[in-house]
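File shown: entry-v9.txt. Contents: compact mmCIF, C-alpha atoms.
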# COMPACT_ATOMS: atom_id res chain seq x y z
CA MET A 600 -8.56 -57.88 -0.58
CA ALA A 601 -6.08 -55.55 -2.30
CA GLY A 602 -9.04 -53.36 -3.26
CA GLY A 603 -9.36 -52.12 0.33
CA THR A 604 -5.87 -50.72 0.63
CA ARG A 605 -5.87 -49.39 -2.90
CA GLU A 606 -8.68 -46.98 -2.08
CA PHE A 607 -6.74 -45.79 0.98
CA LYS A 608 -3.60 -45.33 -1.04
CA ARG A 609 -5.46 -43.24 -3.59
CA ARG A 610 -6.85 -40.95 -0.92
CA ILE A 611 -3.50 -40.58 0.84
CA ARG A 612 -1.91 -39.59 -2.44
CA SER A 613 -4.60 -37.01 -3.09
CA VAL A 614 -4.26 -35.45 0.38
CA THR A 615 -0.46 -35.46 0.04
CA ASN A 616 -0.77 -33.48 -3.18
CA THR A 617 -3.00 -30.95 -1.48
CA GLN A 618 -0.56 -30.71 1.38
CA GLN A 619 2.29 -29.98 -0.97
CA ILE A 620 0.31 -27.13 -2.50
CA THR A 621 -0.65 -25.60 0.84
CA LYS A 622 2.92 -25.90 2.06
CA ALA A 623 4.19 -24.12 -1.05
CA MET A 624 1.55 -21.40 -0.67
CA LYS A 625 2.59 -20.89 2.92
CA MET A 626 6.20 -20.39 1.93
CA VAL A 627 5.28 -18.03 -0.89
CA SER A 628 3.16 -15.99 1.52
CA ALA A 629 6.00 -15.86 4.02
CA ALA A 630 8.30 -14.40 1.37
CA LYS A 631 5.63 -11.95 0.20
CA LEU A 632 4.89 -10.95 3.76
CA ARG A 633 8.48 -10.01 4.31
CA ARG A 634 8.46 -7.89 1.18
CA ALA A 635 5.18 -6.23 2.14
CA GLN A 636 6.55 -5.40 5.58
CA GLU A 637 9.66 -3.91 4.07
CA ALA A 638 7.53 -1.78 1.76
CA ALA A 639 5.43 -0.59 4.69
CA GLU A 640 8.59 0.23 6.61
CA ALA A 641 10.06 2.14 3.66
CA SER A 642 6.96 4.30 3.29
CA ARG A 643 7.06 5.49 6.90
CA PRO A 644 9.54 8.41 6.59
CA TYR A 645 7.41 10.04 3.89
CA THR A 646 4.20 9.82 5.89
CA GLU A 647 5.84 10.92 9.12
CA THR A 648 7.45 13.95 7.55
CA LEU A 649 4.19 14.83 5.84
CA GLN A 650 2.29 14.55 9.10
CA GLY A 651 4.87 16.60 10.96
CA THR A 652 4.76 19.39 8.43
CA LEU A 653 0.97 19.31 8.33
CA ALA A 654 0.82 19.62 12.12
CA ARG A 655 3.22 22.56 12.09
CA LEU A 656 1.41 24.25 9.23
CA SER A 657 -2.04 23.89 10.71
CA GLY A 658 -0.69 25.76 13.72
CA VAL A 659 0.33 28.65 11.50
CA ALA A 660 -2.44 28.70 8.94
CA PHE A 661 -5.31 28.13 11.32
CA ASP A 662 -8.05 29.97 9.56
CA ILE A 663 -7.36 28.53 6.16
CA LYS A 664 -10.39 27.45 4.17
CA HIS A 665 -10.11 24.28 2.22
CA PRO A 666 -12.95 21.99 1.18
CA LEU A 667 -11.05 18.93 2.41
CA LEU A 668 -10.77 20.41 5.89
CA GLU A 669 -14.33 21.60 6.28
CA LYS A 670 -16.74 19.60 8.37
CA ARG A 671 -20.13 19.50 6.66
CA GLU A 672 -23.21 20.53 8.57
CA ASP A 673 -25.47 18.45 6.41
CA VAL A 674 -24.07 14.94 6.04
CA ARG A 675 -26.12 12.83 3.66
CA LYS A 676 -23.86 10.10 2.41
CA ILE A 677 -20.88 8.29 3.89
CA GLY A 678 -18.17 6.71 1.79
CA TYR A 679 -16.18 3.67 2.83
CA VAL A 680 -12.94 2.77 1.11
CA VAL A 681 -12.64 -0.93 1.89
CA ILE A 682 -9.34 -2.68 1.18
CA THR A 683 -9.44 -6.46 0.83
CA ALA A 684 -7.53 -9.09 -1.10
CA ASP A 685 -8.21 -10.09 -4.69
CA GLY A 686 -8.11 -13.76 -3.82
CA GLY A 687 -9.22 -16.04 -1.04
CA LEU A 688 -7.46 -18.87 0.80
CA CYS A 689 -6.52 -16.57 3.61
CA GLY A 690 -8.84 -17.64 6.40
CA GLY A 691 -11.30 -15.06 7.67
CA TYR A 692 -9.26 -12.13 6.38
CA ASN A 693 -11.68 -10.86 3.73
CA ALA A 694 -14.81 -11.80 5.65
CA ASN A 695 -13.61 -9.93 8.74
CA LEU A 696 -13.01 -6.75 6.78
CA ILE A 697 -16.39 -6.92 5.10
CA LYS A 698 -18.06 -7.64 8.42
CA ALA A 699 -16.32 -4.67 10.05
CA THR A 700 -17.67 -2.48 7.24
CA THR A 701 -21.27 -3.68 7.43
CA MET A 702 -21.15 -3.43 11.23
CA ALA A 703 -19.92 0.15 11.05
CA MET A 704 -22.80 0.94 8.70
CA GLU A 705 -25.36 -0.64 10.98
CA GLU A 706 -23.98 0.93 14.11
CA ASP A 707 -24.06 4.42 12.65
CA THR A 708 -27.13 5.85 14.35
CA ARG A 709 -27.57 8.54 11.72
CA LYS A 710 -28.84 5.92 9.25
CA LEU A 711 -27.49 7.63 6.18
CA GLU A 712 -26.85 6.43 2.69
CA ASN A 713 -23.58 4.54 2.30
CA GLY A 714 -21.28 4.19 -0.68
CA ILE A 715 -18.49 1.67 -1.11
CA VAL A 716 -15.21 2.24 -2.89
CA ALA A 717 -13.96 -1.31 -3.33
CA VAL A 718 -10.22 -1.94 -3.39
CA GLY A 719 -9.77 -5.65 -4.09
CA ARG A 720 -11.97 -8.21 -5.81
CA LYS A 721 -13.43 -9.79 -2.68
CA VAL A 722 -15.10 -6.69 -1.35
CA ARG A 723 -16.22 -5.70 -4.83
CA ASP A 724 -17.96 -9.03 -5.37
CA PHE A 725 -19.70 -8.75 -2.02
CA PHE A 726 -21.07 -5.25 -2.49
CA ARG A 727 -21.90 -5.85 -6.11
CA LYS A 728 -24.40 -8.42 -4.95
CA ARG A 729 -25.53 -6.47 -1.93
CA GLY A 730 -25.66 -3.11 -3.68
CA GLY A 731 -24.08 0.21 -2.79
CA LEU A 732 -20.91 -0.12 -4.84
CA ASP A 733 -19.71 3.32 -6.02
CA ALA A 734 -16.34 2.51 -7.53
CA GLU A 735 -13.90 -0.34 -7.79
CA PHE A 736 -10.14 -0.69 -7.99
CA VAL A 737 -9.25 -4.34 -8.48
CA ASN A 738 -6.37 -6.55 -9.61
CA LEU A 739 -3.77 -4.15 -8.27
CA GLY A 740 -1.36 -7.01 -7.63
CA ASP A 741 0.99 -7.80 -4.79
CA LYS A 742 3.19 -4.79 -5.28
CA ILE A 743 1.27 -1.79 -4.07
CA SER A 744 2.14 1.28 -6.10
CA TYR A 745 1.78 4.79 -4.83
CA ALA A 746 0.30 5.77 -8.18
CA ASP A 747 -2.66 3.44 -7.52
CA ALA A 748 -3.17 4.94 -4.08
CA ARG A 749 -3.08 8.42 -5.56
CA GLU A 750 -5.69 7.45 -8.14
CA ILE A 751 -8.02 6.13 -5.47
CA GLY A 752 -7.38 9.27 -3.44
CA GLN A 753 -8.15 11.43 -6.45
CA TYR A 754 -11.45 9.64 -7.00
CA ILE A 755 -12.49 10.13 -3.38
CA MET A 756 -11.45 13.75 -3.26
CA ASN A 757 -13.39 14.49 -6.44
CA ALA A 758 -16.50 12.76 -5.10
CA TYR A 759 -16.08 14.66 -1.84
CA GLU A 760 -15.62 18.04 -3.46
CA ASN A 761 -18.63 17.42 -5.71
CA GLU A 762 -20.61 16.65 -2.56
CA GLU A 763 -21.46 13.15 -3.70
CA ILE A 764 -20.14 11.97 -0.36
CA ASP A 765 -19.81 14.00 2.82
CA GLU A 766 -17.58 11.84 4.98
CA VAL A 767 -15.07 9.17 4.05
CA TYR A 768 -13.64 6.30 6.07
CA VAL A 769 -11.02 3.77 5.11
CA VAL A 770 -11.35 0.16 6.26
CA TYR A 771 -8.14 -1.87 6.31
CA ALA A 772 -6.50 -4.68 8.26
CA LYS A 773 -3.92 -3.54 10.75
CA PHE A 774 -1.03 -5.97 10.91
CA ILE A 775 -0.25 -7.00 14.50
CA ASN A 776 1.57 -10.26 13.81
CA VAL A 777 1.23 -13.31 11.60
CA LEU A 778 -1.62 -14.64 13.74
CA ARG A 779 -3.44 -11.39 14.32
CA GLN A 780 -4.77 -8.79 11.90
CA VAL A 781 -7.28 -6.31 13.19
CA PRO A 782 -9.87 -4.67 10.91
CA THR A 783 -9.47 -0.96 11.47
CA ILE A 784 -11.63 1.97 10.41
CA VAL A 785 -10.05 5.39 10.08
CA LYS A 786 -11.63 8.68 9.10
CA LEU A 787 -10.14 10.04 5.91
CA LEU A 788 -12.27 13.07 5.06
CA PRO A 789 -12.79 15.72 6.18
CA ILE A 790 -9.13 15.80 7.21
CA GLU A 791 -8.75 16.32 10.90
CA THR A 792 -5.70 18.43 11.48
CA PRO A 793 -4.06 18.18 14.87
CA THR A 794 -5.69 20.56 17.32
CA ALA A 795 -3.81 23.33 19.06
CA GLU A 796 -3.74 21.15 22.16
CA GLN A 797 -1.96 18.35 20.38
CA THR A 798 0.63 20.62 18.85
CA GLU A 799 1.25 22.36 22.13
CA GLY A 800 4.62 21.60 23.62
CA GLN A 801 6.17 21.30 20.20
CA ARG A 802 8.66 24.01 19.71
CA VAL A 803 7.45 26.82 17.54
CA ILE A 804 9.63 27.34 14.52
CA ASP A 805 9.59 30.49 12.55
CA TYR A 806 9.63 29.08 9.06
CA ILE A 807 10.06 30.94 5.85
CA TYR A 808 7.19 29.84 3.60
CA GLU A 809 7.68 29.79 -0.09
CA PRO A 810 5.32 30.93 -1.61
CA SER A 811 3.01 30.99 1.48
CA ALA A 812 1.77 28.75 4.29
CA ASP A 813 -1.69 28.54 2.72
CA GLU A 814 -0.33 27.65 -0.67
CA ILE A 815 1.81 24.88 0.77
CA LEU A 816 -1.09 23.49 2.75
CA LEU A 817 -3.06 23.24 -0.48
CA THR A 818 -0.41 21.16 -2.20
CA LEU A 819 0.09 19.11 0.92
CA LEU A 820 -3.48 18.00 1.66
CA PRO A 821 -4.10 15.82 -1.44
CA ARG A 822 -0.72 14.17 -0.89
CA TYR A 823 -1.62 13.53 2.70
CA VAL A 824 -4.81 11.76 1.66
CA GLY A 825 -2.84 9.77 -0.92
CA SER A 826 -0.26 8.70 1.63
CA LEU A 827 -2.94 7.64 4.14
CA ILE A 828 -4.52 5.39 1.53
CA TYR A 829 -1.13 4.11 0.45
CA ASN A 830 -0.25 3.19 4.01
CA ALA A 831 -3.59 1.49 4.57
CA MET A 832 -3.06 -0.54 1.39
CA LEU A 833 0.45 -1.56 2.43
CA GLU A 834 -0.72 -2.54 5.88
CA SER A 835 -3.61 -4.55 4.42
CA LYS A 836 -1.27 -6.31 2.04
CA ALA A 837 1.03 -7.37 4.88
CA SER A 838 -2.01 -8.56 6.82
CA GLU A 839 -3.29 -10.50 3.83
CA HIS A 840 -0.05 -12.42 3.47
CA GLY A 841 0.12 -12.97 7.23
CA ALA A 842 -3.43 -14.34 7.22
CA ARG A 843 -2.72 -16.54 4.23
CA MET A 844 0.45 -17.86 5.84
CA THR A 845 -1.47 -18.88 8.95
CA ALA A 846 -4.36 -20.35 6.98
CA MET A 847 -2.04 -22.38 4.78
CA GLY A 848 0.01 -23.46 7.80
CA ASN A 849 -3.18 -24.79 9.42
CA ALA A 850 -4.23 -26.46 6.19
CA THR A 851 -0.85 -28.18 5.95
CA GLU A 852 -1.17 -29.43 9.51
CA ASN A 853 -4.71 -30.66 8.93
CA ALA A 854 -3.62 -32.48 5.82
CA GLY A 855 -0.87 -34.15 7.85
CA GLU A 856 -3.45 -35.31 10.38
CA ILE A 857 -5.70 -36.72 7.67
CA ILE A 858 -2.74 -38.56 6.17
CA ASP A 859 -1.86 -40.04 9.58
CA ASN A 860 -5.45 -41.18 10.15
CA LEU A 861 -5.72 -42.67 6.68
CA THR A 862 -2.40 -44.46 7.06
CA LEU A 863 -3.55 -45.90 10.38
CA ALA A 864 -6.85 -47.00 8.92
CA MET A 865 -5.10 -48.53 5.93
CA ASN A 866 -2.71 -50.51 8.13
CA LYS A 867 -5.59 -51.71 10.28
CA ALA A 868 -7.45 -52.87 7.19
CA ARG A 869 -4.39 -54.66 5.89
CA GLN A 870 -3.78 -56.26 9.27
CA ALA A 871 -7.39 -57.41 9.43
CA ALA A 872 -7.14 -58.90 5.96
CA ILE A 873 -3.98 -60.79 6.93
CA THR A 874 -5.61 -62.06 10.11
CA ASP A 875 -8.58 -63.24 8.09
CA GLU A 876 -6.30 -65.14 5.74
CA ILE A 877 -4.37 -66.74 8.59
CA LEU A 878 -7.63 -67.83 10.18
CA ASP A 879 -8.69 -69.29 6.85
CA ILE A 880 -5.43 -71.22 6.50
CA VAL A 881 -5.43 -72.37 10.11
CA GLY A 882 -9.08 -73.38 9.80
CA GLY A 883 -8.33 -75.30 6.60
CA ALA A 884 -5.28 -77.03 8.10
CA GLU A 885 -7.22 -78.03 11.16
CA ALA A 886 -9.97 -79.49 9.04
CA LEU A 887 -7.39 -81.52 7.11
CA ASN A 888 -5.75 -82.72 10.31
CA LYS A 889 -9.08 -83.87 11.72
CA GLY A 890 -9.86 -85.64 8.46
CA GLY A 891 -6.44 -87.41 8.63
CA LYS A 892 -6.99 -88.89 12.11
CA MET B 1022 38.39 24.43 6.36
CA ALA B 1023 35.41 23.84 8.53
CA ASP B 1024 32.86 21.28 7.54
CA ASN B 1025 30.34 23.00 5.35
CA THR B 1026 28.01 20.12 4.67
CA PHE B 1027 24.44 19.54 5.76
CA MET B 1028 22.12 16.56 5.59
CA LEU B 1029 19.95 16.10 2.52
CA GLU B 1030 17.14 13.54 2.43
CA ILE B 1031 15.11 12.83 -0.64
CA VAL B 1032 12.01 10.89 0.34
CA THR B 1033 9.30 9.44 -1.87
CA PRO B 1034 6.26 7.46 -0.71
CA GLU B 1035 8.01 4.28 -1.71
CA LYS B 1036 11.41 4.81 -0.08
CA ILE B 1037 14.19 7.09 1.04
CA LEU B 1038 15.95 7.69 -2.23
CA PHE B 1039 18.91 9.63 -0.94
CA LYS B 1040 20.30 10.46 2.46
CA ASP B 1041 23.75 11.92 2.75
CA GLU B 1042 25.81 14.97 3.49
CA VAL B 1043 25.88 17.58 0.75
CA ASP B 1044 27.63 20.91 0.26
CA PHE B 1045 24.92 22.67 -1.60
CA MET B 1046 21.58 22.09 -3.22
CA VAL B 1047 19.20 23.88 -5.54
CA ALA B 1048 15.55 22.89 -5.55
CA PRO B 1049 12.89 23.80 -8.14
CA ALA B 1050 10.39 25.77 -6.04
CA VAL B 1051 7.16 27.00 -7.61
CA ASP B 1052 8.40 30.60 -7.82
CA GLY B 1053 11.88 29.79 -9.03
CA GLU B 1054 14.87 27.87 -7.82
CA ILE B 1055 15.94 28.02 -4.20
CA GLY B 1056 19.53 27.37 -3.20
CA VAL B 1057 20.32 25.99 0.22
CA MET B 1058 23.65 25.88 2.02
CA LYS B 1059 24.66 25.09 5.56
CA ASN B 1060 22.93 27.06 8.35
CA HIS B 1061 19.98 28.02 6.19
CA ALA B 1062 17.01 29.48 8.04
CA PRO B 1063 14.01 27.14 8.59
CA LEU B 1064 12.11 26.96 5.34
CA VAL B 1065 9.15 25.18 3.81
CA ALA B 1066 8.74 25.49 0.07
CA ALA B 1067 6.36 23.97 -2.45
CA LEU B 1068 8.13 22.39 -5.39
CA LYS B 1069 7.18 22.07 -9.01
CA ILE B 1070 8.17 19.42 -11.51
CA GLY B 1071 11.80 20.03 -12.28
CA VAL B 1072 15.42 19.22 -11.60
CA LEU B 1073 16.99 19.16 -8.18
CA ARG B 1074 20.73 19.70 -8.08
CA TYR B 1075 23.13 19.05 -5.26
CA LYS B 1076 26.84 18.81 -4.68
CA ASP B 1077 27.82 15.78 -2.69
CA GLY B 1078 30.69 15.64 -0.20
CA LYS B 1079 33.21 14.92 -2.95
CA GLY B 1080 32.23 18.02 -4.86
CA ALA B 1081 30.50 16.17 -7.72
CA GLU B 1082 27.31 17.74 -8.92
CA LYS B 1083 24.35 15.40 -9.14
CA LYS B 1084 20.96 16.00 -10.69
CA MET B 1085 17.64 14.41 -9.94
CA ALA B 1086 14.27 14.76 -11.63
CA VAL B 1087 11.56 15.37 -9.04
CA SER B 1088 7.85 15.73 -9.58
CA GLY B 1089 5.73 17.70 -7.21
CA GLY B 1090 6.04 17.92 -3.48
CA PHE B 1091 7.75 20.20 -1.08
CA MET B 1092 10.96 20.85 0.78
CA GLU B 1093 11.55 21.47 4.43
CA VAL B 1094 14.82 22.83 5.78
CA ILE B 1095 15.43 22.75 9.50
CA ASP B 1096 18.46 22.26 11.76
CA ASN B 1097 20.81 21.72 8.86
CA THR B 1098 18.65 18.99 7.39
CA GLY B 1099 16.97 19.45 4.06
CA ARG B 1100 14.09 17.11 3.38
CA ILE B 1101 12.60 16.80 -0.07
CA LEU B 1102 9.24 15.08 -0.19
CA ALA B 1103 8.41 14.27 -3.79
CA GLU B 1104 5.85 11.94 -5.29
CA THR B 1105 8.47 10.63 -7.66
CA ALA B 1106 12.19 11.23 -7.93
CA GLU B 1107 14.69 9.74 -10.31
CA PRO B 1108 18.45 10.24 -10.28
CA GLY B 1109 19.73 11.67 -13.56
CA GLU B 1110 22.07 8.75 -14.18
CA HIS B 1111 19.12 6.33 -14.01
CA VAL B 1112 17.00 8.15 -16.56
CA ASP B 1113 16.35 6.30 -19.79
CA VAL B 1114 16.83 9.27 -22.12
CA LEU B 1115 15.30 7.57 -25.14
CA ARG B 1116 12.18 6.72 -23.23
CA ALA B 1117 11.96 10.20 -21.75
CA LYS B 1118 12.28 11.71 -25.22
CA ALA B 1119 9.60 9.40 -26.55
CA SER B 1120 7.18 10.43 -23.80
CA LYS B 1121 8.05 14.09 -24.42
CA GLU B 1122 7.15 13.71 -28.09
CA ARG B 1123 3.97 11.85 -27.23
CA ALA B 1124 2.90 14.63 -24.88
CA GLU B 1125 3.72 17.28 -27.48
CA ARG B 1126 1.67 15.48 -30.12
CA ARG B 1127 -1.27 15.34 -27.76
CA LEU B 1128 -1.01 19.02 -26.99
CA ALA B 1129 -0.75 19.88 -30.69
CA GLN B 1130 -4.08 18.24 -31.41
CA ARG B 1131 -7.04 20.52 -31.10
CA ASP B 1132 -9.03 17.72 -29.64
CA GLU B 1133 -11.37 18.36 -26.74
CA THR B 1134 -11.42 14.75 -25.65
CA ILE B 1135 -7.80 14.65 -24.51
CA ASN B 1136 -6.89 15.73 -21.05
CA ARG B 1137 -4.70 18.78 -21.68
CA LEU B 1138 -3.66 19.16 -18.08
CA ARG B 1139 -2.45 15.61 -17.97
CA ALA B 1140 -0.53 15.96 -21.20
CA GLU B 1141 1.11 19.15 -19.96
CA LEU B 1142 2.18 17.49 -16.74
CA SER B 1143 3.60 14.54 -18.57
CA LEU B 1144 5.48 16.92 -20.88
CA LYS B 1145 6.98 18.73 -17.90
CA ARG B 1146 7.98 15.47 -16.28
CA ALA B 1147 9.63 14.24 -19.45
CA ILE B 1148 11.60 17.47 -19.85
CA ALA B 1149 12.73 17.34 -16.22
CA ARG B 1150 13.96 13.79 -16.69
CA ILE B 1151 15.86 14.65 -19.86
CA ARG B 1152 17.45 17.66 -18.18
CA ALA B 1153 18.38 15.61 -15.10
CA ALA B 1154 20.15 13.18 -17.39
CA GLY B 1155 22.12 16.08 -18.80
CA ALA B 1156 20.85 15.63 -22.36
CA ASP B 1157 19.45 18.23 -24.73
CA TYR B 1158 15.73 18.41 -25.22

Output the file's structure in the form of structure tokens.
Amino acid sequence: MAGGTREFKRRIRSVTNTQQITKAMKMVSAAKLRRAQEAAEASRPYTETLQGTLARLSGVAFDIKHPLLEKREDVRKIGYVVITADGGLCGGYNANLIKATTMAMEEDTRKLENGIVAVGRKVRDFFRKRGGLDAEFVNLGDKISYADAREIGQYIMNAYENEEIDEVYVVYAKFINVLRQVPTIVKLLPIETPTAEQTEGQRVIDYIYEPSADEILLTLLPRYVGSLIYNAMLESKASEHGARMTAMGNATENAGEIIDNLTLAMNKARQAAITDEILDIVGGAEALNKGGK
Amino acid sequence: MADNTFMLEIVTPEKILFKDEVDFMVAPAVDGEIGVMKNHAPLVAALKIGVLRYKDGKGAEKKMAVSGGFMEVIDNTGRILAETAEPGEHVDVLRAKASKERAERRLAQRDETINRLRAELSLKRAIARIRAAGADY
């Protein structure tokens, strides 16, 4: 009789352990999310200033030639920089990013060759099996460093300038809120400078350029690419922790439900066992009484 | 005397490192140092690896090692965008000297396999950090 409830107790204990782990993971993710959001916030002034200066410069140095700015006539291969997590346990986060990438490839009517630059283990593993992996940057950790972003940027710019790839997109997860992260694809190369129309209305400032507008544009462009990648990585990291928080929150709730159900079932079983015993005793007593009469 | 300060912001990809009123600053531009005071004309300058100096509101001169980037001056605001920046008082001089020696050793080797450009850059960065700390190199 005790055997019935013992099995229940064992399972409740096991689910409770799991629940404790998911609860802890949720709290860790919440803390990491806050840090990731702060990092994303802190990187904004740099990017905004860079973009502002680039917009102003491209108004001045319109006819500048730079390989990173030139649209290629003959596009043969497209590069995708896909940023995912290194680990799982974050719901559909990784799968959604990978799906967005493969969809973009399929929907491209030009049907060109594609190359993947994997940032994060999950996307690397996927494209390693599927094929088309050009480069990988994995195990970068929870603290995104600008140096890593620059290295990735350097790789892409080299591949682009050597004409190994002719267009580059970055795939990352835009952080909306804890419940919502949207896979987003942004064109990285060739760099699209703001058109005259977009810069119109901005006041024209007569800058002194030291040494020259062209020269400054040249030093600025690689940094711009680096900062775009850095921002995408920061945004993805915040999204990853948001997704993991939600996934672990759900898992904790589900575990609670399982525990409730198991507890109910266990109590029912115990109650049934007790009822059986009472019936046995009552039956026995009755039999004795009848025998006594 | 009238207020002669202007805003200086030193921004790296990771954060705003410094944002305050200063009297005067000298930035390491590619063609030599550029000094900026209040009411400077709008300016955009490319920077090299070097030491940025400024005088804060209290008249104390501060130094900062910056590596690569540019400077924009507009409306009495100077913005330095650098990939890395490190205040002189935070520099670990021993470490900077060690990396300077390492870079020098690399450059001394007549070895084709080492990346000379990289070694040169790291040498320049190390020297800038030592100078920002106010030590001899």

Starting from chain A, keep only residues with some atom at most 10 Å from an atom of chain B, counting only C-alpha atoms, and report them as a PyMOL selection string. chain A and resi 637-646+648-649+652+656+743-746+749+804-812+814-819+822+825-826+829-830

May I ask for the distance between atom CA of A:Asn616 and atom CA of A:Leu861, given in Å to one decimal place?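 Computed distance, atom CA of A:Asn616 to atom CA of A:Leu861, equals 14.4 Å.
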
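Remark: for A:Ala748, the closest of the candidate residues A:Thr700, A:Leu827, A:Arg671, A:Thr615 is A:Leu827 (distances computed over all atoms listed in the file).
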
Using all atoms listed in the file, which protein or nucleic acid residues come within 8 Å of A:Val674? Drop anything in the same chain fewer than 2 positions from it, and give the result as a ChimeraX atom specification. /A:671-672,676-677,765-766

Keeping only C-alpha atoms, write the selected residues to a file as a short mmCIF file (atom, residue, chain, number, x, y, z; two decimals), in the frame of the given file.
data_model
loop_
_atom_site.label_atom_id
_atom_site.label_comp_id
_atom_site.auth_asym_id
_atom_site.auth_seq_id
_atom_site.Cartn_x
_atom_site.Cartn_y
_atom_site.Cartn_z
CA ARG A 671 -20.13 19.50 6.66
CA GLU A 672 -23.21 20.53 8.57
CA LYS A 676 -23.86 10.10 2.41
CA ILE A 677 -20.88 8.29 3.89
CA ASP A 765 -19.81 14.00 2.82
CA GLU A 766 -17.58 11.84 4.98
#

I need every residue sitting at most 9 Å from the point (-2.4, -18.0, 13.6) (coordinates as in the file, all atoms listed in the file considered), written as a ChimeraX atom specification. /A:776-779,841-842,844-846,848-849

Selection near A:Gly714, 9 Å with all atoms listed in the file, sequence-local residues under 4 positions removed, as a compact mmCIF listing (two decimals) with C-alpha atoms, keeping the file's coordinate frame:
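Output (around.txt):
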# COMPACT_ATOMS: atom_id res chain seq x y z
CA LYS A 676 -23.86 10.10 2.41
CA ILE A 677 -20.88 8.29 3.89
CA GLY A 678 -18.17 6.71 1.79
CA TYR A 679 -16.18 3.67 2.83
CA VAL A 680 -12.94 2.77 1.11
CA GLY A 731 -24.08 0.21 -2.79
CA LEU A 732 -20.91 -0.12 -4.84
CA ASP A 733 -19.71 3.32 -6.02
CA ALA A 734 -16.34 2.51 -7.53
CA ILE A 764 -20.14 11.97 -0.36

Pick out the closest residue to B:Gly1080 from this set: B:Glu1125, B:Leu1144, B:Asp1044, B:Arg1150. Count all atoms listed in the file.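 Counting all atoms listed in the file, the residue closest to B:Gly1080 is B:Asp1044.
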
Please provide as a count of residues only all residues within 7 Å of B:Ala1140, with the sequence filter that same-chain residues fewer than 4 positions apart are discarded (counting all atoms listed in the file). 5

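Counting from atom CA of A:Ile828, the distance to atom CA of A:Val770 is 9.8 Å.
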
Find the spatial neighbours of B:Lys1059, counting all atoms listed in the file, within a cut-off of 7 Å - ignore same-chain residues fewer than 5 positions away - and output them as an mmCIF file with C-alpha atoms, in the coordinates of the input.
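Produced file around.cif, reproduced below:
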data_model
loop_
_atom_site.group_PDB
_atom_site.id
_atom_site.type_symbol
_atom_site.label_atom_id
_atom_site.label_comp_id
_atom_site.auth_asym_id
_atom_site.auth_seq_id
_atom_site.Cartn_x
_atom_site.Cartn_y
_atom_site.Cartn_z
ATOM 1 C CA ASN B 1025 30.340 23.000 5.350
ATOM 2 C CA THR B 1026 28.010 20.120 4.670
ATOM 3 C CA PHE B 1027 24.440 19.540 5.760
ATOM 4 C CA ASN B 1097 20.810 21.720 8.860
#

Using the atoms already present, construct N, CA and C atoms for stretch 752-763 of chain A and hand them back as a short mmCIF file (atom, residue, chain, number, x, y, z; two decimals), in the coordinates of the input.
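Below is the file out17.cif, written as the result:
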data_model
loop_
_atom_site.label_atom_id
_atom_site.label_comp_id
_atom_site.auth_asym_id
_atom_site.auth_seq_id
_atom_site.Cartn_x
_atom_site.Cartn_y
_atom_site.Cartn_z
N GLY A 752 -7.23 8.03 -4.19
CA GLY A 752 -7.38 9.27 -3.44
C GLY A 752 -8.03 10.36 -4.29
N GLN A 753 -7.61 10.42 -5.55
CA GLN A 753 -8.15 11.43 -6.45
C GLN A 753 -9.65 11.22 -6.65
N TYR A 754 -10.04 9.95 -6.81
CA TYR A 754 -11.45 9.64 -7.00
C TYR A 754 -12.25 10.11 -5.79
N ILE A 755 -11.76 9.78 -4.60
CA ILE A 755 -12.49 10.13 -3.38
C ILE A 755 -12.58 11.64 -3.21
N MET A 756 -11.45 12.30 -3.46
CA MET A 756 -11.45 13.75 -3.26
C MET A 756 -12.39 14.44 -4.24
N ASN A 757 -12.44 13.92 -5.48
CA ASN A 757 -13.39 14.49 -6.44
C ASN A 757 -14.83 14.29 -5.96
N ALA A 758 -15.13 13.06 -5.55
CA ALA A 758 -16.50 12.76 -5.10
C ALA A 758 -16.84 13.64 -3.89
N TYR A 759 -15.84 13.86 -3.05
CA TYR A 759 -16.08 14.66 -1.84
C TYR A 759 -16.31 16.12 -2.21
N GLU A 760 -15.49 16.62 -3.10
CA GLU A 760 -15.62 18.04 -3.46
C GLU A 760 -16.89 18.31 -4.26
N ASN A 761 -17.36 17.27 -4.99
CA ASN A 761 -18.63 17.42 -5.71
C ASN A 761 -19.83 17.15 -4.82
N GLU A 762 -19.57 16.91 -3.55
CA GLU A 762 -20.61 16.65 -2.56
C GLU A 762 -21.42 15.40 -2.86
N GLU A 763 -20.79 14.44 -3.53
CA GLU A 763 -21.46 13.15 -3.70
C GLU A 763 -21.37 12.36 -2.40
#
